[in-house]
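target11.csv follows (CSV, N, CA and C atoms):
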chain,number,residue,atom,x,y,z
J,1,MET,N,-15.8,3.1,18.4
J,1,MET,CA,-15.6,4.6,18.4
J,1,MET,C,-16.3,5.2,19.6
J,2,HIS,N,-15.8,6.3,19.9
J,2,HIS,CA,-16.3,7.0,21.1
J,2,HIS,C,-17.7,7.6,20.7
J,3,PRO,N,-18.7,7.6,21.6
J,3,PRO,CA,-20.1,8.1,21.2
J,3,PRO,C,-20.1,9.5,20.8
J,4,LYS,N,-19.1,10.4,21.3
J,4,LYS,CA,-19.1,11.8,21.0
J,4,LYS,C,-18.8,12.0,19.5
J,5,VAL,N,-17.9,11.1,19.0
J,5,VAL,CA,-17.6,11.2,17.6
J,5,VAL,C,-18.8,11.0,16.7
J,6,LEU,N,-19.6,10.1,17.1
J,6,LEU,CA,-20.8,9.7,16.3
J,6,LEU,C,-21.9,10.8,16.3
J,7,THR,N,-21.9,11.7,17.3
J,7,THR,CA,-23.0,12.6,17.4
J,7,THR,C,-22.6,14.1,17.1
J,8,ASP,N,-21.3,14.4,17.3
J,8,ASP,CA,-20.8,15.8,17.0
J,8,ASP,C,-20.6,16.0,15.5
J,9,PRO,N,-21.3,16.9,14.9
J,9,PRO,CA,-21.2,17.1,13.4
J,9,PRO,C,-19.8,17.5,13.0
J,10,ARG,N,-19.1,18.3,13.9
J,10,ARG,CA,-17.7,18.8,13.5
J,10,ARG,C,-16.8,17.6,13.5
J,11,LEU,N,-16.9,16.7,14.4
J,11,LEU,CA,-16.0,15.5,14.5
J,11,LEU,C,-16.4,14.5,13.4
J,12,ARG,N,-17.7,14.4,13.0
J,12,ARG,CA,-18.1,13.6,11.9
J,12,ARG,C,-17.5,14.1,10.6
J,13,GLN,N,-17.5,15.4,10.4
J,13,GLN,CA,-16.9,16.0,9.2
J,13,GLN,C,-15.4,15.8,9.2
J,14,ARG,N,-14.7,16.0,10.3
J,14,ARG,CA,-13.3,15.9,10.4
J,14,ARG,C,-12.8,14.4,10.1
J,15,TYR,N,-13.5,13.4,10.6
J,15,TYR,CA,-13.1,12.0,10.4
J,15,TYR,C,-13.8,11.4,9.2
J,16,GLY,N,-14.5,12.1,8.4
J,16,GLY,CA,-15.1,11.6,7.2
J,16,GLY,C,-16.2,10.6,7.4
J,17,ILE,N,-17.0,10.8,8.5
J,17,ILE,CA,-18.1,9.9,8.7
J,17,ILE,C,-19.3,10.5,8.1
J,18,THR,N,-19.9,9.8,7.2
J,18,THR,CA,-21.1,10.3,6.5
J,18,THR,C,-22.3,9.4,6.9
J,19,SER,N,-23.5,10.0,6.8
J,19,SER,CA,-24.7,9.2,7.1
J,19,SER,C,-25.1,8.5,5.8
J,20,ALA,N,-24.8,7.2,5.7
J,20,ALA,CA,-25.2,6.4,4.6
J,20,ALA,C,-26.3,5.5,5.0
J,21,GLY,N,-27.0,5.7,6.0
J,21,GLY,CA,-28.1,4.9,6.5
J,21,GLY,C,-29.2,4.7,5.5
J,22,LYS,N,-29.6,5.8,4.9
J,22,LYS,CA,-30.8,5.8,4.0
J,22,LYS,C,-30.4,5.0,2.7
J,23,ASN,N,-29.2,5.2,2.2
J,23,ASN,CA,-28.7,4.5,1.0
J,23,ASN,C,-28.7,3.0,1.3
J,24,ARG,N,-28.2,2.6,2.5
J,24,ARG,CA,-28.1,1.2,2.8
J,24,ARG,C,-29.5,0.5,2.9
J,25,VAL,N,-30.4,1.3,3.4
J,25,VAL,CA,-31.8,0.7,3.5
J,25,VAL,C,-32.4,0.5,2.1
J,26,TRP,N,-32.2,1.5,1.2
J,26,TRP,CA,-32.7,1.3,-0.2
J,26,TRP,C,-32.0,0.2,-0.9
J,27,ILE,N,-30.7,0.0,-0.7
J,27,ILE,CA,-30.0,-1.1,-1.4
J,27,ILE,C,-30.5,-2.4,-0.8
J,28,ALA,N,-30.6,-2.5,0.5
J,28,ALA,CA,-31.1,-3.7,1.1
J,28,ALA,C,-32.5,-4.1,0.6
J,29,ALA,N,-33.4,-3.1,0.6
J,29,ALA,CA,-34.8,-3.3,0.2
J,29,ALA,C,-34.8,-3.8,-1.3
J,30,ILE,N,-34.1,-3.1,-2.2
J,30,ILE,CA,-34.1,-3.5,-3.6
J,30,ILE,C,-33.5,-4.9,-3.8
J,31,SER,N,-32.4,-5.2,-3.0
J,31,SER,CA,-31.8,-6.5,-3.1
J,31,SER,C,-32.8,-7.6,-2.7
J,32,ILE,N,-33.5,-7.4,-1.6
J,32,ILE,CA,-34.4,-8.4,-1.1
J,32,ILE,C,-35.6,-8.6,-2.1
J,33,ILE,N,-36.1,-7.5,-2.7
J,33,ILE,CA,-37.1,-7.7,-3.7
J,33,ILE,C,-36.7,-8.5,-4.9
J,34,ILE,N,-35.4,-8.2,-5.4
J,34,ILE,CA,-34.9,-9.0,-6.5
J,34,ILE,C,-34.7,-10.4,-6.2
J,35,ILE,N,-34.2,-10.7,-5.0
J,35,ILE,CA,-33.9,-12.1,-4.6
J,35,ILE,C,-35.3,-12.8,-4.4
J,36,MET,N,-36.3,-12.2,-3.8
J,36,MET,CA,-37.6,-12.8,-3.6
J,36,MET,C,-38.2,-13.1,-5.0
J,37,ALA,N,-38.1,-12.2,-5.9
J,37,ALA,CA,-38.7,-12.4,-7.2
J,37,ALA,C,-38.0,-13.6,-7.9
J,38,TRP,N,-36.7,-13.7,-7.8
J,38,TRP,CA,-35.9,-14.8,-8.4
J,38,TRP,C,-36.3,-16.1,-7.8
J,39,PHE,N,-36.5,-16.2,-6.5
J,39,PHE,CA,-36.9,-17.4,-5.8
J,39,PHE,C,-38.3,-17.8,-6.3
J,40,ILE,N,-39.2,-16.9,-6.4
J,40,ILE,CA,-40.6,-17.2,-6.9
J,40,ILE,C,-40.5,-17.7,-8.3
J,41,TRP,N,-39.8,-17.0,-9.2
J,41,TRP,CA,-39.7,-17.4,-10.6
J,41,TRP,C,-39.1,-18.8,-10.7
J,42,SER,N,-37.9,-19.0,-10.0
J,42,SER,CA,-37.2,-20.3,-10.2
J,42,SER,C,-38.1,-21.5,-9.5
J,43,GLY,N,-38.8,-21.2,-8.5
J,43,GLY,CA,-39.6,-22.2,-7.9
J,43,GLY,C,-40.7,-22.7,-8.8
J,44,THR,N,-41.4,-21.7,-9.4
J,44,THR,CA,-42.5,-22.1,-10.3
J,44,THR,C,-42.0,-22.6,-11.6
J,45,ASN,N,-40.9,-22.2,-12.1
J,45,ASN,CA,-40.4,-22.7,-13.3
J,45,ASN,C,-39.9,-24.1,-13.2
J,46,PHE,N,-39.1,-24.4,-12.2
J,46,PHE,CA,-38.5,-25.7,-12.1
J,46,PHE,C,-39.4,-26.8,-11.4
J,47,ALA,N,-40.4,-26.3,-10.7
J,47,ALA,CA,-41.4,-27.3,-10.1
J,47,ALA,C,-42.4,-27.8,-11.2
J,48,ASN,N,-42.6,-27.1,-12.3
J,48,ASN,CA,-43.5,-27.5,-13.3
J,48,ASN,C,-42.8,-27.5,-14.7
J,49,PRO,N,-42.0,-28.5,-14.9
J,49,PRO,CA,-41.2,-28.6,-16.2
J,49,PRO,C,-42.2,-28.9,-17.4
J,50,GLN,N,-41.7,-28.6,-18.5
J,50,GLN,CA,-42.5,-28.9,-19.8
J,50,GLN,C,-42.6,-30.4,-20.0
J,51,ILE,N,-41.6,-31.1,-19.7
J,51,ILE,CA,-41.6,-32.6,-19.9
J,51,ILE,C,-41.1,-33.2,-18.6
J,52,ARG,N,-41.8,-34.2,-18.1
J,52,ARG,CA,-41.4,-34.9,-16.9
J,52,ARG,C,-41.4,-36.4,-17.2
J,53,SER,N,-40.3,-37.1,-17.0
J,53,SER,CA,-40.2,-38.5,-17.3
J,53,SER,C,-39.7,-39.2,-16.0
J,54,THR,N,-40.3,-40.5,-15.8
J,54,THR,CA,-40.0,-41.3,-14.6
J,54,THR,C,-39.7,-42.7,-15.1
J,55,LEU,N,-38.5,-43.2,-14.7
J,55,LEU,CA,-38.2,-44.6,-15.0
J,55,LEU,C,-39.0,-45.5,-14.1
J,56,ILE,N,-39.7,-46.5,-14.6
J,56,ILE,CA,-40.4,-47.4,-13.8
J,56,ILE,C,-39.6,-48.7,-13.6
J,57,SER,N,-39.2,-49.3,-14.7
J,57,SER,CA,-38.4,-50.5,-14.6
J,57,SER,C,-37.6,-50.8,-15.9
J,58,PHE,N,-36.7,-51.7,-15.8
J,58,PHE,CA,-36.0,-52.2,-17.0
J,58,PHE,C,-35.9,-53.7,-16.8
J,59,GLU,N,-35.8,-54.4,-17.9
J,59,GLU,CA,-35.6,-55.8,-17.9
J,59,GLU,C,-34.6,-56.3,-18.9
J,60,VAL,N,-33.6,-57.0,-18.5
J,60,VAL,CA,-32.7,-57.6,-19.5
J,60,VAL,C,-33.3,-58.8,-20.1
J,61,ILE,N,-33.5,-58.7,-21.4
J,61,ILE,CA,-34.2,-59.9,-22.1
J,61,ILE,C,-33.2,-60.9,-22.4
J,62,ASP,N,-32.1,-60.5,-23.0
J,62,ASP,CA,-31.0,-61.5,-23.2
J,62,ASP,C,-29.7,-60.6,-23.3
J,63,ASP,N,-28.6,-61.3,-23.8
J,63,ASP,CA,-27.3,-60.5,-23.8
J,63,ASP,C,-27.3,-59.4,-24.8
J,64,GLN,N,-28.2,-59.4,-25.7
J,64,GLN,CA,-28.2,-58.4,-26.8
J,64,GLN,C,-29.5,-57.5,-26.8
J,65,LYS,N,-30.3,-57.6,-25.8
J,65,LYS,CA,-31.6,-56.9,-25.8
J,65,LYS,C,-32.0,-56.5,-24.4
J,66,ILE,N,-32.6,-55.3,-24.3
J,66,ILE,CA,-33.1,-54.8,-23.0
J,66,ILE,C,-34.4,-54.1,-23.2
J,67,SER,N,-35.3,-54.1,-22.2
J,67,SER,CA,-36.6,-53.5,-22.3
J,67,SER,C,-36.7,-52.4,-21.2
J,68,ILE,N,-37.2,-51.3,-21.5
J,68,ILE,CA,-37.3,-50.2,-20.5
J,68,ILE,C,-38.8,-49.8,-20.4
J,69,THR,N,-39.3,-49.6,-19.2
J,69,THR,CA,-40.7,-49.0,-19.0
J,69,THR,C,-40.6,-47.7,-18.3
J,70,TYR,N,-41.2,-46.7,-18.9
J,70,TYR,CA,-41.2,-45.4,-18.2
J,70,TYR,C,-42.4,-44.6,-18.5
J,71,LYS,N,-42.7,-43.6,-17.6
J,71,LYS,CA,-43.8,-42.7,-17.8
J,71,LYS,C,-43.3,-41.4,-18.3
J,72,ILE,N,-44.1,-40.7,-19.1
J,72,ILE,CA,-43.8,-39.4,-19.6
J,72,ILE,C,-45.1,-38.5,-19.5
J,73,ALA,N,-44.9,-37.3,-19.0
J,73,ALA,CA,-46.0,-36.3,-18.9
J,73,ALA,C,-45.5,-35.0,-19.6
J,74,VAL,N,-46.3,-34.5,-20.5
J,74,VAL,CA,-45.9,-33.3,-21.2
J,74,VAL,C,-47.0,-32.3,-21.1
J,75,LYS,N,-46.6,-31.0,-21.3
J,75,LYS,CA,-47.6,-29.9,-21.3
J,75,LYS,C,-48.1,-29.7,-22.7
J,76,ASP,N,-47.2,-29.7,-23.7
J,76,ASP,CA,-47.7,-29.4,-25.0
J,76,ASP,C,-47.9,-30.7,-25.8
J,77,LEU,N,-49.2,-31.1,-25.9
J,77,LEU,CA,-49.6,-32.4,-26.6
J,77,LEU,C,-49.5,-32.3,-28.1
J,78,ALA,N,-49.5,-31.1,-28.6
J,78,ALA,CA,-49.5,-30.9,-30.1
J,78,ALA,C,-48.2,-31.0,-30.8
J,79,LYS,N,-47.1,-31.2,-30.0
J,79,LYS,CA,-45.8,-31.2,-30.7
J,79,LYS,C,-45.1,-32.6,-30.4
J,80,GLN,N,-44.2,-32.9,-31.4
J,80,GLN,CA,-43.5,-34.2,-31.3
J,80,GLN,C,-42.5,-34.1,-30.2
J,81,HIS,N,-42.3,-35.2,-29.4
J,81,HIS,CA,-41.3,-35.3,-28.3
J,81,HIS,C,-40.4,-36.5,-28.6
J,82,THR,N,-39.2,-36.4,-28.1
J,82,THR,CA,-38.3,-37.5,-28.2
J,82,THR,C,-37.6,-37.8,-26.8
J,83,CYS,N,-37.4,-39.0,-26.5
J,83,CYS,CA,-36.7,-39.4,-25.3
J,83,CYS,C,-35.5,-40.3,-25.7
J,84,THR,N,-34.3,-40.0,-25.2
J,84,THR,CA,-33.1,-40.8,-25.4
J,84,THR,C,-33.0,-41.8,-24.3
J,85,LEU,N,-33.0,-43.1,-24.6
J,85,LEU,CA,-32.9,-44.1,-23.6
J,85,LEU,C,-31.5,-44.8,-23.8
J,86,VAL,N,-30.8,-45.1,-22.7
J,86,VAL,CA,-29.5,-45.7,-22.8
J,86,VAL,C,-29.5,-47.0,-21.9
J,87,ALA,N,-28.6,-47.9,-22.4
J,87,ALA,CA,-28.3,-49.1,-21.6
J,87,ALA,C,-26.8,-49.1,-21.3
J,88,LYS,N,-26.5,-49.5,-20.0
J,88,LYS,CA,-25.1,-49.5,-19.6
J,88,LYS,C,-24.7,-50.9,-19.1
J,89,ASP,N,-23.4,-51.2,-19.2
J,89,ASP,CA,-22.8,-52.4,-18.8
J,89,ASP,C,-22.4,-52.3,-17.3
J,90,ILE,N,-21.7,-53.3,-16.8
J,90,ILE,CA,-21.3,-53.3,-15.4
J,90,ILE,C,-20.3,-52.2,-15.1
J,91,ASP,N,-19.5,-51.8,-16.1
J,91,ASP,CA,-18.5,-50.7,-15.9
J,91,ASP,C,-19.1,-49.3,-16.2
J,92,LYS,N,-20.4,-49.2,-16.3
J,92,LYS,CA,-21.1,-48.0,-16.6
J,92,LYS,C,-20.7,-47.4,-18.0
J,93,ASN,N,-20.3,-48.3,-18.9
J,93,ASN,CA,-20.1,-47.8,-20.3
J,93,ASN,C,-21.5,-48.0,-21.1
J,94,THR,N,-21.7,-47.1,-21.9
J,94,THR,CA,-23.0,-47.1,-22.7
J,94,THR,C,-22.8,-48.2,-23.8
J,95,VAL,N,-23.7,-49.2,-23.7
J,95,VAL,CA,-23.7,-50.3,-24.7
J,95,VAL,C,-24.9,-50.3,-25.6
J,96,GLY,N,-25.8,-49.5,-25.4
J,96,GLY,CA,-27.0,-49.3,-26.3
J,96,GLY,C,-27.7,-48.0,-26.0
J,97,GLU,N,-28.2,-47.5,-27.1
J,97,GLU,CA,-28.9,-46.2,-27.1
J,97,GLU,C,-30.0,-46.2,-28.1
J,98,VAL,N,-31.1,-45.6,-27.8
J,98,VAL,CA,-32.2,-45.5,-28.8
J,98,VAL,C,-32.9,-44.2,-28.5
J,99,ILE,N,-33.4,-43.6,-29.5
J,99,ILE,CA,-34.3,-42.4,-29.4
J,99,ILE,C,-35.7,-42.8,-29.6
J,100,ASP,N,-36.5,-42.7,-28.6
J,100,ASP,CA,-37.9,-43.0,-28.7
J,100,ASP,C,-38.7,-41.8,-29.1
J,101,GLN,N,-39.1,-41.8,-30.4
J,101,GLN,CA,-39.9,-40.6,-30.9
J,101,GLN,C,-41.4,-40.8,-30.7
J,102,ILE,N,-42.0,-39.8,-30.1
J,102,ILE,CA,-43.4,-39.8,-29.8
J,102,ILE,C,-44.1,-38.8,-30.7
J,103,PRO,N,-44.9,-39.2,-31.6
J,103,PRO,CA,-45.5,-38.3,-32.6
J,103,PRO,C,-46.5,-37.4,-31.9
J,104,ALA,N,-46.7,-36.2,-32.5
J,104,ALA,CA,-47.6,-35.2,-32.0
J,104,ALA,C,-49.0,-35.8,-31.9
J,105,ASN,N,-49.7,-35.4,-30.9
J,105,ASN,CA,-51.1,-35.7,-30.6
J,105,ASN,C,-51.3,-37.2,-30.3
J,106,THR,N,-50.3,-38.0,-29.9
J,106,THR,CA,-50.5,-39.3,-29.5
J,106,THR,C,-50.4,-39.5,-28.0
J,107,LEU,N,-49.9,-38.5,-27.3
J,107,LEU,CA,-49.9,-38.5,-25.8
J,107,LEU,C,-51.2,-38.0,-25.3
J,108,LEU,N,-51.6,-38.5,-24.2
J,108,LEU,CA,-52.8,-38.1,-23.5
J,108,LEU,C,-52.4,-37.1,-22.4
J,109,ALA,N,-53.4,-36.3,-21.9
J,109,ALA,CA,-53.1,-35.4,-20.8
J,109,ALA,C,-52.8,-36.3,-19.5
J,110,GLY,N,-51.8,-35.9,-18.8
J,110,GLY,CA,-51.4,-36.7,-17.6
J,110,GLY,C,-50.2,-37.6,-18.0
J,111,GLU,N,-50.0,-38.6,-17.2
J,111,GLU,CA,-48.9,-39.5,-17.5
J,111,GLU,C,-49.2,-40.6,-18.5
J,112,ASN,N,-48.2,-40.9,-19.4
J,112,ASN,CA,-48.4,-41.9,-20.4
J,112,ASN,C,-47.3,-43.0,-20.2
J,113,LEU,N,-47.7,-44.2,-20.2
J,113,LEU,CA,-46.8,-45.3,-20.0
J,113,LEU,C,-46.2,-45.7,-21.4
J,114,ARG,N,-44.8,-45.8,-21.4
J,114,ARG,CA,-44.1,-46.2,-22.6
J,114,ARG,C,-43.3,-47.5,-22.3
J,115,ILE,N,-43.3,-48.5,-23.2
J,115,ILE,CA,-42.4,-49.6,-23.1
J,115,ILE,C,-41.6,-49.7,-24.4
J,116,VAL,N,-40.3,-49.7,-24.2
J,116,VAL,CA,-39.4,-49.7,-25.4
J,116,VAL,C,-38.4,-50.8,-25.2
J,117,GLU,N,-38.2,-51.6,-26.3
J,117,GLU,CA,-37.3,-52.7,-26.3
J,117,GLU,C,-36.2,-52.3,-27.4
J,118,PHE,N,-34.9,-52.4,-27.0
J,118,PHE,CA,-33.9,-52.1,-28.0
J,118,PHE,C,-32.7,-53.0,-27.8
J,119,SER,N,-31.8,-53.0,-28.8
J,119,SER,CA,-30.7,-53.9,-28.9
J,119,SER,C,-29.5,-53.2,-28.2
J,120,THR,N,-28.6,-54.1,-27.7
J,120,THR,CA,-27.3,-53.6,-27.1
J,120,THR,C,-26.2,-54.4,-27.8
J,121,ARG,N,-25.0,-53.8,-27.8
J,121,ARG,CA,-23.9,-54.5,-28.4
J,121,ARG,C,-23.2,-55.4,-27.5
J,122,LEU,N,-23.3,-55.2,-26.2
J,122,LEU,CA,-22.8,-56.1,-25.1
J,122,LEU,C,-23.8,-56.3,-24.1
J,123,PRO,N,-23.7,-57.3,-23.2
J,123,PRO,CA,-24.7,-57.5,-22.1
J,123,PRO,C,-24.8,-56.2,-21.2
J,124,ALA,N,-26.1,-55.8,-21.1
J,124,ALA,CA,-26.4,-54.6,-20.3
J,124,ALA,C,-26.8,-55.0,-18.9
J,125,VAL,N,-26.5,-54.2,-17.9
J,125,VAL,CA,-27.0,-54.5,-16.5
J,125,VAL,C,-28.0,-53.5,-16.0
J,126,ASN,N,-28.1,-52.3,-16.7
J,126,ASN,CA,-29.1,-51.3,-16.3
J,126,ASN,C,-29.5,-50.5,-17.5
J,127,ALA,N,-30.6,-49.7,-17.3
J,127,ALA,CA,-31.0,-48.8,-18.4
J,127,ALA,C,-31.5,-47.5,-17.7
J,128,ALA,N,-31.5,-46.5,-18.5
J,128,ALA,CA,-31.9,-45.2,-17.9
J,128,ALA,C,-32.5,-44.3,-19.0
J,129,ILE,N,-33.1,-43.2,-18.6
J,129,ILE,CA,-33.6,-42.2,-19.5
J,129,ILE,C,-32.5,-41.1,-19.5
J,130,ALA,N,-31.9,-40.9,-20.6
J,130,ALA,CA,-30.8,-39.9,-20.7
J,130,ALA,C,-31.5,-38.5,-20.7
J,131,ASN,N,-32.4,-38.2,-21.5
J,131,ASN,CA,-33.1,-37.0,-21.5
J,131,ASN,C,-34.4,-37.1,-22.4
J,132,CYS,N,-35.3,-36.1,-22.2
J,132,CYS,CA,-36.5,-36.0,-23.0
J,132,CYS,C,-36.7,-34.6,-23.5
J,133,GLN,N,-37.1,-34.4,-24.7
J,133,GLN,CA,-37.2,-33.1,-25.3
J,133,GLN,C,-38.6,-33.0,-26.0
What would you get if you wrote out this structure as structure tokens?
Amino acid sequence: MHPKVLTDPRLRQRYGITSAGKNRVWIAAISIIIIMAWFIWSGTNFANPQIRSTLISFEVIDDQKISITYKIAVKDLAKQHTCTLVAKDIDKNTVGEVIDQIPANTLLAGENLRIVEFSTRLPAVNAAIANCQ
């Protein structure tokens, strides 16, 4: 646009140009504050989960049995926790599953090592932690 249109009040009124600069600044400032608050919340929430599990190793004992070793760290030591462990075959089908129940007050502060051995219906080639609650 021509510079005279931007400065002359009669031309601004004629062409419907309003000064929305202050509103844009407020909207931008509020949006930035909300986005920053969300980033801070999500960063602290997801960086420190209630339960953290880490698969260390698994060992195929025979065609019908597998052993899994994993670490678990929890914040609330006074409540019962469960971890679902799965074994899969070469085609990635689940051939075994067990729920490892950890009674309340049996975990220590920090990481706890767990070794679980369970049966499979077919030969398994790997094992994993499906979830922990």
Report the distance between atom N of J:Gly110 and atom CA of J:Leu55 in Å, rounded to one decimal place.
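If I compute the distance from atom N of J:Gly110 to atom CA of J:Leu55, I get 16.6 Å.
Considering the residues J:Arg52, J:Lys22, J:Arg121, J:Lys71 and counting only C-alpha atoms, J:Gly96 has its shortest atom-to-atom contact with J:Arg121.
Nearest residue to J:Asn131, choosing from J:Arg114, J:His81, J:Lys65, J:Lys88 and counting only C-alpha atoms: J:His81.
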Point out the residue among J:Val60, J:Leu11, J:Ala28, J:Ile34 with the least atom-to-atom distance to J:Val125, counting all atoms listed in the file.
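Smallest distance to J:Val125 is found for J:Val60.
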Polymer residues at most 8 Å from (-48.6, -31.7, -18.4) by only C-alpha atoms, as a PyMOL selection string
chain J and resi 50-51+73-76+109-111
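Atom N of J:Ile129 lies 10.9 Å from atom CA of J:Ile99.
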Name the residues of stretch 29-71 of chain J that come out as alpha helix (DSSP H) in a backbone DSSP run; write them as number ranges by chain.
J: 29-47
